[in-house]
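Take a look at the structure set out below.
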Amino acid sequence: MPNTIIIGSGSYLPTKIIGKDYFMDSVFYTDEGDKIEKPNEEIIQKFIEITEIENRRYLEDDEFNSDLGHRAAVAAIEDANIDQEELDYIIYASNYGEVNKDGAPNFVPSMSSRLKNKLSIKNRKTVNYDMVFGCPGWVEALILADTLIKAKKAKLILVVGSETLSRVTDPFDRNKMIFADGAGAVVVKATDEENVGIIADSSICDNQDELLYLDYAPSLKKDEDQRPLYIRMNGRKIYEYALKNVPVAVKETIEKANLDISDIDKILIHQANAKMDYAMISRLYKLYGITDYDHDIAPMTIQQFGNSSVATIPTMFDLIQKGKMAPHNFKSKDNVVFASVGAGMNINALVYRFP
């Protein structure tokens, strides 16, 4: 059975940097629709203390999701040094599609077909496939790519995660300060080399009471005459769910790979917010009876890039791989965990071993 290795990576961070001053003139409302009377400086400072997000990136008005995904994909293809016409699949993870300027989701045509068109790939047998799986979408797309390769349905696959959340946030919701835009991509290839690549994975879908922890809802300002729906997040419910379930899922995946936490060199966890990420990693180590660990095990980008959903992990992977997040680096035979949680609620994790 072939294994799946990453042979190239790329990412794109929009150039527009959005700091705290951008939100100083905002008018915020509670989940109950009441105007928050606290000074914005106090609201924003409290937000920074919890999430550690100082800056985030937004796309320009004349840019779209597929533009970001295209730039990340081109970088990954060039890094992999492949003929893009030989790609068997393009798998594109996003949650809102192209997102028109009015904020309306748009999946017609699909994101993967838009990307294939922008790449000018003529091969009719390069199959385009969209992955809509919440924030864990890119990791799930990578798991699907591995499944296709192990099933010998493909040998070469482009896996992209790109999102433009700045276009779906409620202007009256404090949570809008969490979200950001960005894209990341990898090219994966089948190899006969043993004990390398994706050596274990798992996915969990809790879609009962958890279904609407993160959904699409009207503005918090009830009389606001704007488009009807915006991204809406029940932060407390998500936090509690993530702490209870993600560490267990990651531990099970590590065990599935026949490894111990001491064998793991890096944990690339979805950049949701700093407080939640720290808590999940700490809880993971506690499952192994460890309370003191090297915090460099889990690199963080959320402080400067915000939460770009499906793009956070592939962007971080590419930045480390390209030497742009020193002292973090990857070495031959390193075992790296990718893990994410998001809308659904869905959780996934995989262990990747560098060749």
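In the structure tokens, chains take letters A, B, ... by order of appearance, with residues numbered from 1 within each chain and ligands from 1 in the order shown.
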Might you pull out every residue within 10 Å of segment 98-114 of chain A, with only C-alpha atoms counted and same-chain residues fewer than 4 positions away left off, and present them as a ChimeraX atom specification? /A:61-67,69-70,89-94,118-120,126-131,158-160,162-169,226-230
Report the residues of segment 1-188 of chain A whose backbone DSSP state falls under strand (DSSP E or B), written as an mmCIF file with all heavy atoms, in the first residue's frame.
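File part-v9.cif, as written:
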```cif
data_model
loop_
_atom_site.group_PDB
_atom_site.id
_atom_site.type_symbol
_atom_site.label_atom_id
_atom_site.label_comp_id
_atom_site.auth_asym_id
_atom_site.auth_seq_id
_atom_site.Cartn_x
_atom_site.Cartn_y
_atom_site.Cartn_z
ATOM 1 N N ASN A 3 2.172 5.136 0.561
ATOM 2 C CA ASN A 3 2.016 6.158 1.587
ATOM 3 C C ASN A 3 1.937 7.536 0.939
ATOM 4 O O ASN A 3 2.242 7.695 -0.244
ATOM 5 C CB ASN A 3 3.180 6.093 2.583
ATOM 6 C CG ASN A 3 3.059 4.897 3.506
ATOM 7 O OD1 ASN A 3 1.994 4.626 4.038
ATOM 8 N ND2 ASN A 3 4.157 4.169 3.675
ATOM 9 N N THR A 4 1.541 8.522 1.737
ATOM 10 C CA THR A 4 1.304 9.867 1.220
ATOM 11 C C THR A 4 2.267 10.854 1.856
ATOM 12 O O THR A 4 2.244 11.049 3.076
ATOM 13 C CB THR A 4 -0.147 10.311 1.512
ATOM 14 O OG1 THR A 4 -1.052 9.359 0.952
ATOM 15 C CG2 THR A 4 -0.427 11.685 0.934
ATOM 16 N N ILE A 5 3.100 11.473 1.035
ATOM 17 C CA ILE A 5 4.060 12.448 1.557
ATOM 18 C C ILE A 5 3.796 13.824 0.937
ATOM 19 O O ILE A 5 3.309 13.937 -0.189
ATOM 20 C CB ILE A 5 5.521 12.027 1.303
ATOM 21 C CG1 ILE A 5 5.771 11.815 -0.196
ATOM 22 C CG2 ILE A 5 5.867 10.775 2.091
ATOM 23 C CD1 ILE A 5 7.242 11.607 -0.546
ATOM 24 N N ILE A 6 4.132 14.856 1.679
ATOM 25 C CA ILE A 6 4.023 16.230 1.200
ATOM 26 C C ILE A 6 5.312 16.586 0.470
ATOM 27 O O ILE A 6 6.399 16.474 1.040
ATOM 28 C CB ILE A 6 3.785 17.200 2.376
ATOM 29 C CG1 ILE A 6 2.458 16.876 3.065
ATOM 30 C CG2 ILE A 6 3.805 18.650 1.888
ATOM 31 C CD1 ILE A 6 2.239 17.637 4.367
ATOM 32 N N ILE A 7 5.191 16.999 -0.789
ATOM 33 C CA ILE A 7 6.389 17.312 -1.570
ATOM 34 C C ILE A 7 6.497 18.803 -1.891
ATOM 35 O O ILE A 7 7.485 19.236 -2.495
ATOM 36 C CB ILE A 7 6.442 16.492 -2.872
ATOM 37 C CG1 ILE A 7 5.233 16.791 -3.769
ATOM 38 C CG2 ILE A 7 6.533 14.999 -2.558
ATOM 39 C CD1 ILE A 7 5.368 16.206 -5.174
ATOM 40 N N GLY A 8 5.502 19.587 -1.505
ATOM 41 C CA GLY A 8 5.566 21.023 -1.751
ATOM 42 C C GLY A 8 4.489 21.744 -0.968
ATOM 43 O O GLY A 8 3.419 21.179 -0.712
ATOM 44 N N SER A 9 4.762 22.970 -0.576
ATOM 45 C CA SER A 9 3.780 23.747 0.182
ATOM 46 C C SER A 9 3.810 25.204 -0.246
ATOM 47 O O SER A 9 4.795 25.701 -0.794
ATOM 48 C CB SER A 9 4.041 23.640 1.688
ATOM 49 O OG SER A 9 5.285 24.231 2.035
ATOM 50 N N GLY A 10 2.702 25.896 0.024
ATOM 51 C CA GLY A 10 2.614 27.310 -0.284
ATOM 52 C C GLY A 10 1.543 27.955 0.569
ATOM 53 O O GLY A 10 0.653 27.274 1.085
ATOM 54 N N SER A 11 1.613 29.259 0.727
ATOM 55 C CA SER A 11 0.584 29.978 1.482
ATOM 56 C C SER A 11 0.482 31.393 0.957
ATOM 57 O O SER A 11 1.394 31.889 0.281
ATOM 58 C CB SER A 11 0.899 29.990 2.980
ATOM 59 O OG SER A 11 2.139 30.624 3.247
ATOM 60 N N TYR A 12 -0.636 32.024 1.277
ATOM 61 C CA TYR A 12 -0.804 33.425 0.914
ATOM 62 C C TYR A 12 -1.515 34.154 2.045
ATOM 63 O O TYR A 12 -2.604 33.759 2.471
ATOM 64 C CB TYR A 12 -1.610 33.602 -0.374
ATOM 65 C CG TYR A 12 -1.782 35.069 -0.707
ATOM 66 C CD1 TYR A 12 -0.717 35.805 -1.211
ATOM 67 C CD2 TYR A 12 -2.993 35.715 -0.475
ATOM 68 C CE1 TYR A 12 -0.845 37.159 -1.481
ATOM 69 C CE2 TYR A 12 -3.132 37.075 -0.753
ATOM 70 C CZ TYR A 12 -2.060 37.790 -1.255
ATOM 71 O OH TYR A 12 -2.178 39.128 -1.511
ATOM 72 N N LYS A 16 -3.284 43.369 3.652
ATOM 73 C CA LYS A 16 -3.956 44.344 4.503
ATOM 74 C C LYS A 16 -3.926 43.862 5.957
ATOM 75 O O LYS A 16 -4.562 42.869 6.312
ATOM 76 C CB LYS A 16 -5.402 44.546 4.054
ATOM 77 C CG LYS A 16 -6.122 45.676 4.796
ATOM 78 C CD LYS A 16 -7.614 45.707 4.483
ATOM 79 C CE LYS A 16 -7.887 46.055 3.044
ATOM 80 N NZ LYS A 16 -9.344 46.186 2.783
ATOM 81 N N ILE A 17 -3.181 44.570 6.808
ATOM 82 C CA ILE A 17 -3.059 44.209 8.217
ATOM 83 C C ILE A 17 -4.076 45.015 9.021
ATOM 84 O O ILE A 17 -4.090 46.243 8.977
ATOM 85 C CB ILE A 17 -1.639 44.483 8.734
ATOM 86 C CG1 ILE A 17 -0.615 43.667 7.925
ATOM 87 C CG2 ILE A 17 -1.527 44.151 10.217
ATOM 88 C CD1 ILE A 17 0.834 43.988 8.267
ATOM 89 N N ILE A 18 -4.923 44.287 9.763
ATOM 90 C CA ILE A 18 -5.989 44.920 10.538
ATOM 91 C C ILE A 18 -5.645 44.839 12.024
ATOM 92 O O ILE A 18 -5.634 43.757 12.619
ATOM 93 C CB ILE A 18 -7.350 44.233 10.278
ATOM 94 C CG1 ILE A 18 -7.673 44.234 8.777
ATOM 95 C CG2 ILE A 18 -8.446 44.910 11.089
ATOM 96 C CD1 ILE A 18 -7.820 45.601 8.163
ATOM 97 N N TYR A 29 -23.013 44.632 20.041
ATOM 98 C CA TYR A 29 -24.239 44.186 20.695
ATOM 99 C C TYR A 29 -24.019 42.819 21.336
ATOM 100 O O TYR A 29 -23.159 42.046 20.897
ATOM 101 C CB TYR A 29 -25.389 44.097 19.681
ATOM 102 C CG TYR A 29 -25.995 45.431 19.329
ATOM 103 C CD1 TYR A 29 -25.304 46.336 18.514
ATOM 104 C CD2 TYR A 29 -27.241 45.811 19.806
ATOM 105 C CE1 TYR A 29 -25.840 47.570 18.191
ATOM 106 C CE2 TYR A 29 -27.807 47.049 19.482
ATOM 107 C CZ TYR A 29 -27.085 47.920 18.674
ATOM 108 O OH TYR A 29 -27.622 49.139 18.359
ATOM 109 N N LYS A 35 -27.322 46.711 23.102
ATOM 110 C CA LYS A 35 -26.100 47.457 22.826
ATOM 111 C C LYS A 35 -25.174 47.408 24.034
ATOM 112 O O LYS A 35 -25.598 47.585 25.172
ATOM 113 C CB LYS A 35 -26.438 48.915 22.488
ATOM 114 C CG LYS A 35 -25.222 49.736 22.094
ATOM 115 C CD LYS A 35 -25.619 51.169 21.747
ATOM 116 C CE LYS A 35 -24.401 52.011 21.414
ATOM 117 N NZ LYS A 35 -24.773 53.415 21.101
ATOM 118 N N ARG A 56 -4.796 40.826 12.294
ATOM 119 C CA ARG A 56 -5.322 39.795 11.399
ATOM 120 C C ARG A 56 -5.200 40.328 9.976
ATOM 121 O O ARG A 56 -4.939 41.514 9.761
ATOM 122 C CB ARG A 56 -6.760 39.373 11.737
ATOM 123 C CG ARG A 56 -7.861 40.370 11.478
ATOM 124 C CD ARG A 56 -7.959 41.498 12.442
ATOM 125 N NE ARG A 56 -8.359 41.080 13.789
ATOM 126 C CZ ARG A 56 -7.931 41.655 14.886
ATOM 127 N NH1 ARG A 56 -7.089 42.682 14.797
ATOM 128 N NH2 ARG A 56 -8.326 41.265 16.072
ATOM 129 N N ARG A 57 -5.372 39.458 8.980
ATOM 130 C CA ARG A 57 -5.240 39.867 7.583
ATOM 131 C C ARG A 57 -6.608 39.824 6.891
ATOM 132 O O ARG A 57 -7.358 38.870 7.055
ATOM 133 C CB ARG A 57 -4.269 38.948 6.840
ATOM 134 C CG ARG A 57 -2.855 38.906 7.437
ATOM 135 C CD ARG A 57 -2.135 40.231 7.310
ATOM 136 N NE ARG A 57 -0.771 40.160 7.834
ATOM 137 C CZ ARG A 57 0.302 39.947 7.074
ATOM 138 N NH1 ARG A 57 0.162 39.785 5.770
ATOM 139 N NH2 ARG A 57 1.504 39.895 7.612
ATOM 140 N N TYR A 58 -6.898 40.864 6.113
ATOM 141 C CA TYR A 58 -8.117 40.927 5.305
ATOM 142 C C TYR A 58 -7.739 41.054 3.833
ATOM 143 O O TYR A 58 -6.783 41.771 3.482
ATOM 144 C CB TYR A 58 -8.966 42.138 5.672
ATOM 145 C CG TYR A 58 -9.749 42.048 6.968
ATOM 146 C CD1 TYR A 58 -9.662 40.933 7.803
ATOM 147 C CD2 TYR A 58 -10.572 43.098 7.354
ATOM 148 C CE1 TYR A 58 -10.370 40.872 8.992
ATOM 149 C CE2 TYR A 58 -11.295 43.053 8.540
ATOM 150 C CZ TYR A 58 -11.178 41.947 9.366
ATOM 151 O OH TYR A 58 -11.891 41.903 10.544
ATOM 152 N N TYR A 89 -6.133 14.995 -8.549
ATOM 153 C CA TYR A 89 -7.227 15.673 -7.850
ATOM 154 C C TYR A 89 -6.781 17.056 -7.394
ATOM 155 O O TYR A 89 -5.601 17.276 -7.079
ATOM 156 C CB TYR A 89 -7.654 14.900 -6.598
ATOM 157 C CG TYR A 89 -8.564 13.717 -6.838
ATOM 158 C CD1 TYR A 89 -8.024 12.487 -7.205
ATOM 159 C CD2 TYR A 89 -9.946 13.818 -6.685
ATOM 160 C CE1 TYR A 89 -8.838 11.386 -7.418
ATOM 161 C CE2 TYR A 89 -10.765 12.720 -6.887
ATOM 162 C CZ TYR A 89 -10.210 11.516 -7.262
ATOM 163 O OH TYR A 89 -11.022 10.424 -7.462
ATOM 164 N N ILE A 90 -7.745 17.954 -7.349
ATOM 165 C CA ILE A 90 -7.622 19.218 -6.632
ATOM 166 C C ILE A 90 -8.715 19.206 -5.566
ATOM 167 O O ILE A 90 -9.905 19.141 -5.898
ATOM 168 C CB ILE A 90 -7.813 20.434 -7.551
ATOM 169 C CG1 ILE A 90 -6.726 20.492 -8.615
ATOM 170 C CG2 ILE A 90 -7.843 21.722 -6.730
ATOM 171 C CD1 ILE A 90 -6.986 21.552 -9.685
ATOM 172 N N ILE A 91 -8.310 19.235 -4.292
ATOM 173 C CA ILE A 91 -9.293 19.254 -3.199
ATOM 174 C C ILE A 91 -9.189 20.617 -2.521
ATOM 175 O O ILE A 91 -8.123 20.994 -2.038
ATOM 176 C CB ILE A 91 -9.053 18.130 -2.187
ATOM 177 C CG1 ILE A 91 -8.916 16.779 -2.902
ATOM 178 C CG2 ILE A 91 -10.199 18.070 -1.175
ATOM 179 C CD1 ILE A 91 -8.609 15.610 -1.977
ATOM 180 N N TYR A 92 -10.301 21.332 -2.483
ATOM 181 C CA TYR A 92 -10.317 22.719 -2.001
ATOM 182 C C TYR A 92 -11.246 22.809 -0.793
ATOM 183 O O TYR A 92 -12.436 22.608 -0.905
ATOM 184 C CB TYR A 92 -10.828 23.627 -3.121
ATOM 185 C CG TYR A 92 -10.515 25.106 -2.982
ATOM 186 C CD1 TYR A 92 -9.775 25.756 -3.968
ATOM 187 C CD2 TYR A 92 -10.984 25.858 -1.913
ATOM 188 C CE1 TYR A 92 -9.489 27.116 -3.887
ATOM 189 C CE2 TYR A 92 -10.707 27.221 -1.823
ATOM 190 C CZ TYR A 92 -9.962 27.845 -2.819
ATOM 191 O OH TYR A 92 -9.697 29.190 -2.728
ATOM 192 N N ALA A 93 -10.673 23.129 0.361
ATOM 193 C CA ALA A 93 -11.461 23.272 1.581
ATOM 194 C C ALA A 93 -11.830 24.734 1.798
ATOM 195 O O ALA A 93 -10.973 25.612 1.758
ATOM 196 C CB ALA A 93 -10.674 22.746 2.784
ATOM 197 N N GLY A 97 -17.242 29.371 0.291
ATOM 198 C CA GLY A 97 -17.030 29.465 -1.136
ATOM 199 C C GLY A 97 -16.427 30.786 -1.553
ATOM 200 O O GLY A 97 -15.615 31.377 -0.842
ATOM 201 N N ASN A 106 -21.021 31.494 -2.125
ATOM 202 C CA ASN A 106 -21.159 31.158 -3.534
ATOM 203 C C ASN A 106 -20.303 29.938 -3.857
ATOM 204 O O ASN A 106 -19.077 30.010 -3.839
ATOM 205 C CB ASN A 106 -20.733 32.354 -4.395
ATOM 206 C CG ASN A 106 -20.920 32.119 -5.874
ATOM 207 O OD1 ASN A 106 -21.278 31.030 -6.309
ATOM 208 N ND2 ASN A 106 -20.680 33.148 -6.670
ATOM 209 N N VAL A 127 -9.519 15.751 -11.363
ATOM 210 C CA VAL A 127 -10.850 15.857 -10.752
ATOM 211 C C VAL A 127 -10.855 16.956 -9.694
ATOM 212 O O VAL A 127 -9.960 17.024 -8.842
ATOM 213 C CB VAL A 127 -11.260 14.512 -10.096
ATOM 214 C CG1 VAL A 127 -12.627 14.635 -9.412
ATOM 215 C CG2 VAL A 127 -11.271 13.403 -11.147
ATOM 216 N N ASN A 128 -11.855 17.831 -9.749
ATOM 217 C CA ASN A 128 -11.982 18.881 -8.743
ATOM 218 C C ASN A 128 -13.013 18.479 -7.688
ATOM 219 O O ASN A 128 -14.075 17.942 -8.003
ATOM 220 C CB ASN A 128 -12.350 20.219 -9.375
ATOM 221 C CG ASN A 128 -13.570 20.148 -10.267
ATOM 222 O OD1 ASN A 128 -13.447 19.860 -11.466
ATOM 223 N ND2 ASN A 128 -14.741 20.408 -9.707
ATOM 224 N N TYR A 129 -12.659 18.747 -6.428
ATOM 225 C CA TYR A 129 -13.483 18.279 -5.300
ATOM 226 C C TYR A 129 -13.451 19.327 -4.192
ATOM 227 O O TYR A 129 -12.381 19.764 -3.776
ATOM 228 C CB TYR A 129 -12.937 16.940 -4.786
ATOM 229 C CG TYR A 129 -13.818 16.226 -3.796
ATOM 230 C CD1 TYR A 129 -14.693 15.223 -4.211
ATOM 231 C CD2 TYR A 129 -13.783 16.547 -2.446
ATOM 232 C CE1 TYR A 129 -15.517 14.565 -3.300
ATOM 233 C CE2 TYR A 129 -14.595 15.888 -1.531
ATOM 234 C CZ TYR A 129 -15.452 14.902 -1.970
ATOM 235 O OH TYR A 129 -16.261 14.263 -1.065
ATOM 236 N N ASP A 130 -14.626 19.733 -3.713
ATOM 237 C CA ASP A 130 -14.714 20.698 -2.617
ATOM 238 C C ASP A 130 -14.937 19.983 -1.285
ATOM 239 O O ASP A 130 -15.680 19.004 -1.214
ATOM 240 C CB ASP A 130 -15.858 21.687 -2.836
ATOM 241 C CG ASP A 130 -15.443 22.851 -3.717
ATOM 242 O OD1 ASP A 130 -14.575 22.645 -4.578
ATOM 243 O OD2 ASP A 130 -15.998 23.952 -3.561
ATOM 244 N N MET A 131 -14.291 20.493 -0.238
ATOM 245 C CA MET A 131 -14.450 19.944 1.110
ATOM 246 C C MET A 131 -15.055 21.024 2.009
ATOM 247 O O MET A 131 -14.438 22.056 2.249
ATOM 248 C CB MET A 131 -13.092 19.504 1.666
ATOM 249 C CG MET A 131 -13.119 19.049 3.120
ATOM 250 S SD MET A 131 -14.093 17.534 3.395
ATOM 251 C CE MET A 131 -13.016 16.313 2.608
ATOM 252 N N LEU A 156 -1.004 11.940 -7.277
ATOM 253 C CA LEU A 156 -0.564 13.318 -7.095
ATOM 254 C C LEU A 156 -1.799 14.203 -6.867
ATOM 255 O O LEU A 156 -2.697 14.245 -7.718
ATOM 256 C CB LEU A 156 0.207 13.786 -8.336
ATOM 257 C CG LEU A 156 1.110 15.011 -8.218
ATOM 258 C CD1 LEU A 156 2.233 14.768 -7.214
ATOM 259 C CD2 LEU A 156 1.678 15.379 -9.585
ATOM 260 N N ILE A 157 -1.835 14.899 -5.721
ATOM 261 C CA ILE A 157 -3.030 15.666 -5.352
ATOM 262 C C ILE A 157 -2.634 17.026 -4.780
ATOM 263 O O ILE A 157 -1.695 17.125 -3.980
ATOM 264 C CB ILE A 157 -3.879 14.904 -4.307
ATOM 265 C CG1 ILE A 157 -4.303 13.543 -4.858
ATOM 266 C CG2 ILE A 157 -5.112 15.718 -3.898
ATOM 267 C CD1 ILE A 157 -5.057 12.678 -3.847
ATOM 268 N N LEU A 158 -3.373 18.049 -5.179
ATOM 269 C CA LEU A 158 -3.225 19.397 -4.634
ATOM 270 C C LEU A 158 -4.315 19.603 -3.584
ATOM 271 O O LEU A 158 -5.497 19.415 -3.864
ATOM 272 C CB LEU A 158 -3.367 20.434 -5.747
ATOM 273 C CG LEU A 158 -3.423 21.909 -5.334
ATOM 274 C CD1 LEU A 158 -2.114 22.349 -4.688
ATOM 275 C CD2 LEU A 158 -3.749 22.789 -6.548
ATOM 276 N N VAL A 159 -3.910 19.975 -2.361
ATOM 277 C CA VAL A 159 -4.855 20.154 -1.254
ATOM 278 C C VAL A 159 -4.772 21.596 -0.776
ATOM 279 O O VAL A 159 -3.721 22.043 -0.293
ATOM 280 C CB VAL A 159 -4.546 19.195 -0.088
ATOM 281 C CG1 VAL A 159 -5.610 19.315 0.993
ATOM 282 C CG2 VAL A 159 -4.459 17.745 -0.585
ATOM 283 N N VAL A 160 -5.876 22.326 -0.903
ATOM 284 C CA VAL A 160 -5.902 23.759 -0.617
ATOM 285 C C VAL A 160 -6.916 24.058 0.485
ATOM 286 O O VAL A 160 -8.000 23.463 0.542
ATOM 287 C CB VAL A 160 -6.291 24.559 -1.888
ATOM 288 C CG1 VAL A 160 -6.331 26.057 -1.591
ATOM 289 C CG2 VAL A 160 -5.329 24.260 -3.026
ATOM 290 N N GLY A 161 -6.558 24.992 1.367
ATOM 291 C CA GLY A 161 -7.501 25.520 2.345
ATOM 292 C C GLY A 161 -7.492 27.029 2.252
ATOM 293 O O GLY A 161 -6.431 27.650 2.437
ATOM 294 N N SER A 162 -8.623 27.638 1.931
ATOM 295 C CA SER A 162 -8.660 29.090 1.753
ATOM 296 C C SER A 162 -9.993 29.629 2.232
ATOM 297 O O SER A 162 -11.047 29.038 1.970
ATOM 298 C CB SER A 162 -8.447 29.451 0.278
ATOM 299 O OG SER A 162 -8.455 30.848 0.092
ATOM 300 N N GLU A 163 -9.948 30.758 2.950
ATOM 301 C CA GLU A 163 -11.180 31.320 3.507
ATOM 302 C C GLU A 163 -11.104 32.838 3.561
ATOM 303 O O GLU A 163 -10.025 33.416 3.763
ATOM 304 C CB GLU A 163 -11.415 30.757 4.909
ATOM 305 C CG GLU A 163 -12.849 30.903 5.399
ATOM 306 C CD GLU A 163 -13.833 30.065 4.618
ATOM 307 O OE1 GLU A 163 -14.311 30.547 3.566
ATOM 308 O OE2 GLU A 163 -14.147 28.938 5.024
ATOM 309 N N THR A 164 -12.262 33.484 3.402
ATOM 310 C CA THR A 164 -12.370 34.942 3.481
ATOM 311 C C THR A 164 -13.476 35.287 4.482
ATOM 312 O O THR A 164 -14.542 35.773 4.114
ATOM 313 C CB THR A 164 -12.670 35.549 2.092
ATOM 314 O OG1 THR A 164 -13.805 34.894 1.514
ATOM 315 C CG2 THR A 164 -11.479 35.387 1.169
ATOM 316 N N THR A 169 -18.695 38.288 8.536
ATOM 317 C CA THR A 169 -18.826 38.634 9.949
ATOM 318 C C THR A 169 -19.857 39.746 10.148
ATOM 319 O O THR A 169 -19.989 40.656 9.327
ATOM 320 C CB THR A 169 -17.484 39.097 10.535
ATOM 321 O OG1 THR A 169 -16.976 40.185 9.749
ATOM 322 C CG2 THR A 169 -16.477 37.970 10.553
ATOM 323 N N PHE A 179 -11.867 36.674 13.401
ATOM 324 C CA PHE A 179 -11.777 36.061 12.081
ATOM 325 C C PHE A 179 -10.890 36.825 11.106
ATOM 326 O O PHE A 179 -10.725 38.036 11.190
ATOM 327 C CB PHE A 179 -13.184 35.888 11.508
ATOM 328 C CG PHE A 179 -14.048 34.999 12.353
ATOM 329 C CD1 PHE A 179 -15.172 35.504 12.991
ATOM 330 C CD2 PHE A 179 -13.720 33.678 12.545
ATOM 331 C CE1 PHE A 179 -15.967 34.690 13.780
ATOM 332 C CE2 PHE A 179 -14.499 32.851 13.342
ATOM 333 C CZ PHE A 179 -15.625 33.361 13.964
ATOM 334 N N ASP A 181 -8.595 36.296 6.953
ATOM 335 C CA ASP A 181 -8.541 35.704 5.621
ATOM 336 C C ASP A 181 -7.148 35.132 5.360
ATOM 337 O O ASP A 181 -6.149 35.632 5.892
ATOM 338 C CB ASP A 181 -8.849 36.759 4.557
ATOM 339 C CG ASP A 181 -10.142 37.510 4.833
ATOM 340 O OD1 ASP A 181 -11.063 36.904 5.424
ATOM 341 O OD2 ASP A 181 -10.240 38.685 4.444
ATOM 342 N N GLY A 182 -7.079 34.113 4.523
ATOM 343 C CA GLY A 182 -5.781 33.540 4.174
ATOM 344 C C GLY A 182 -5.941 32.235 3.426
ATOM 345 O O GLY A 182 -7.058 31.716 3.282
ATOM 346 N N ALA A 183 -4.824 31.707 2.941
ATOM 347 C CA ALA A 183 -4.853 30.453 2.183
ATOM 348 C C ALA A 183 -3.546 29.690 2.360
ATOM 349 O O ALA A 183 -2.481 30.290 2.498
ATOM 350 C CB ALA A 183 -5.084 30.738 0.699
ATOM 351 N N GLY A 184 -3.662 28.372 2.369
ATOM 352 C CA GLY A 184 -2.489 27.501 2.430
ATOM 353 C C GLY A 184 -2.721 26.280 1.558
ATOM 354 O O GLY A 184 -3.867 25.893 1.320
ATOM 355 N N ALA A 185 -1.655 25.684 1.062
ATOM 356 C CA ALA A 185 -1.791 24.540 0.158
ATOM 357 C C ALA A 185 -0.579 23.627 0.244
ATOM 358 O O ALA A 185 0.523 24.077 0.584
ATOM 359 C CB ALA A 185 -1.968 25.030 -1.288
ATOM 360 N N VAL A 186 -0.803 22.372 -0.070
ATOM 361 C CA VAL A 186 0.290 21.414 -0.222
ATOM 362 C C VAL A 186 0.025 20.536 -1.433
ATOM 363 O O VAL A 186 -1.120 20.361 -1.862
ATOM 364 C CB VAL A 186 0.472 20.502 1.026
ATOM 365 C CG1 VAL A 186 0.846 21.311 2.252
ATOM 366 C CG2 VAL A 186 -0.771 19.656 1.274
ATOM 367 N N VAL A 187 1.103 19.997 -1.972
ATOM 368 C CA VAL A 187 1.015 18.942 -2.973
ATOM 369 C C VAL A 187 1.467 17.661 -2.312
ATOM 370 O O VAL A 187 2.533 17.621 -1.676
ATOM 371 C CB VAL A 187 1.898 19.243 -4.195
ATOM 372 C CG1 VAL A 187 1.891 18.055 -5.167
ATOM 373 C CG2 VAL A 187 1.436 20.515 -4.898
ATOM 374 N N VAL A 188 0.635 16.630 -2.408
ATOM 375 C CA VAL A 188 0.996 15.334 -1.833
ATOM 376 C C VAL A 188 1.169 14.304 -2.943
ATOM 377 O O VAL A 188 0.536 14.385 -3.999
ATOM 378 C CB VAL A 188 -0.052 14.834 -0.804
ATOM 379 C CG1 VAL A 188 -0.099 15.757 0.392
ATOM 380 C CG2 VAL A 188 -1.433 14.706 -1.427
#
```
Would you list the contacts of segment 19-22 of chain A as a list in words, taking every protein, DNA or RNA residue within 10 Å and counting only C-alpha atoms, but skipping same-chain residues closer than 3 positions in sequence?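 Skipping anything fewer than 3 positions along the chain leaves Lys16, Asp25, Ser26, Asn40, Glu41, Ile44, Gln45, Phe47, Ile48, Ile53, Glu54, Asn55, Arg56, Arg57, Met177 and Gln304 of chain A.
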Keeping only C-alpha atoms, write those residues as a PDB file, in the first residue's frame.
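Final file, out_5.pdb:
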```pdb
ATOM      1  CA  LYS A  16      -3.956  44.344   4.503  1.00  0.00           C
ATOM      2  CA  ASP A  25     -15.498  52.971  16.020  1.00  0.00           C
ATOM      3  CA  SER A  26     -17.510  49.719  16.039  1.00  0.00           C
ATOM      4  CA  ASN A  40     -14.617  50.067  22.869  1.00  0.00           C
ATOM      5  CA  GLU A  41     -11.066  50.333  24.165  1.00  0.00           C
ATOM      6  CA  ILE A  44     -11.018  45.324  22.560  1.00  0.00           C
ATOM      7  CA  GLN A  45      -8.399  45.042  25.289  1.00  0.00           C
ATOM      8  CA  PHE A  47     -10.644  40.484  23.647  1.00  0.00           C
ATOM      9  CA  ILE A  48      -6.863  40.679  23.127  1.00  0.00           C
ATOM     10  CA  ILE A  53      -5.028  38.369  18.567  1.00  0.00           C
ATOM     11  CA  GLU A  54      -3.286  41.686  17.957  1.00  0.00           C
ATOM     12  CA  ASN A  55      -3.579  41.693  14.153  1.00  0.00           C
ATOM     13  CA  ARG A  56      -5.322  39.795  11.399  1.00  0.00           C
ATOM     14  CA  ARG A  57      -5.240  39.867   7.583  1.00  0.00           C
ATOM     15  CA  MET A 177     -12.340  40.453  15.708  1.00  0.00           C
ATOM     16  CA  GLN A 304      -0.579  38.172  14.042  1.00  0.00           C
TER      17      GLN A 304
END
```
Based on DSSP run over this structure's backbone, return all residues of segment 168-307 of chain A in alpha helix (DSSP H), as JSON, numbers by chain. {"A": [235, 236, 237, 238, 239, 240, 241, 242, 243, 244, 245, 246, 247, 248, 249, 250, 251, 252, 253, 254, 255, 256, 274, 275, 276, 277, 278, 279, 280, 281, 282, 283, 284, 285, 286, 287, 302, 303, 304, 305]}
Exercise: Tyr213 of chain A partners within 8 Å, only C-alpha atoms, chain neighbours under 2 positions left out, as a ChimeraX atom specification: /A:210-211,215,233-235,237-238,343-345
Select, from A:Trp138, A:Val27, A:Lys251, A:Ala154, the residue with the minimum atom-to-atom distance to Phe317 of chain A, counting only C-alpha atoms.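 Selected residue with least distance to Phe317 of chain A: A:Trp138.
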Near Thr147 of chain A, counting only C-alpha atoms, which residues have an atom at most 12 Å away, once you skip same-chain residues fewer than 5 positions from it, shown as a list in words? Met1, Pro2, Asn3, Thr4, Glu140, Ala141, Leu142, Lys152, Lys153, Ala154, Lys155, Ile157, Val188, Lys189, Ala190, Ile198, Ile199, Ala200, Asp201 and Ser202 of chain A
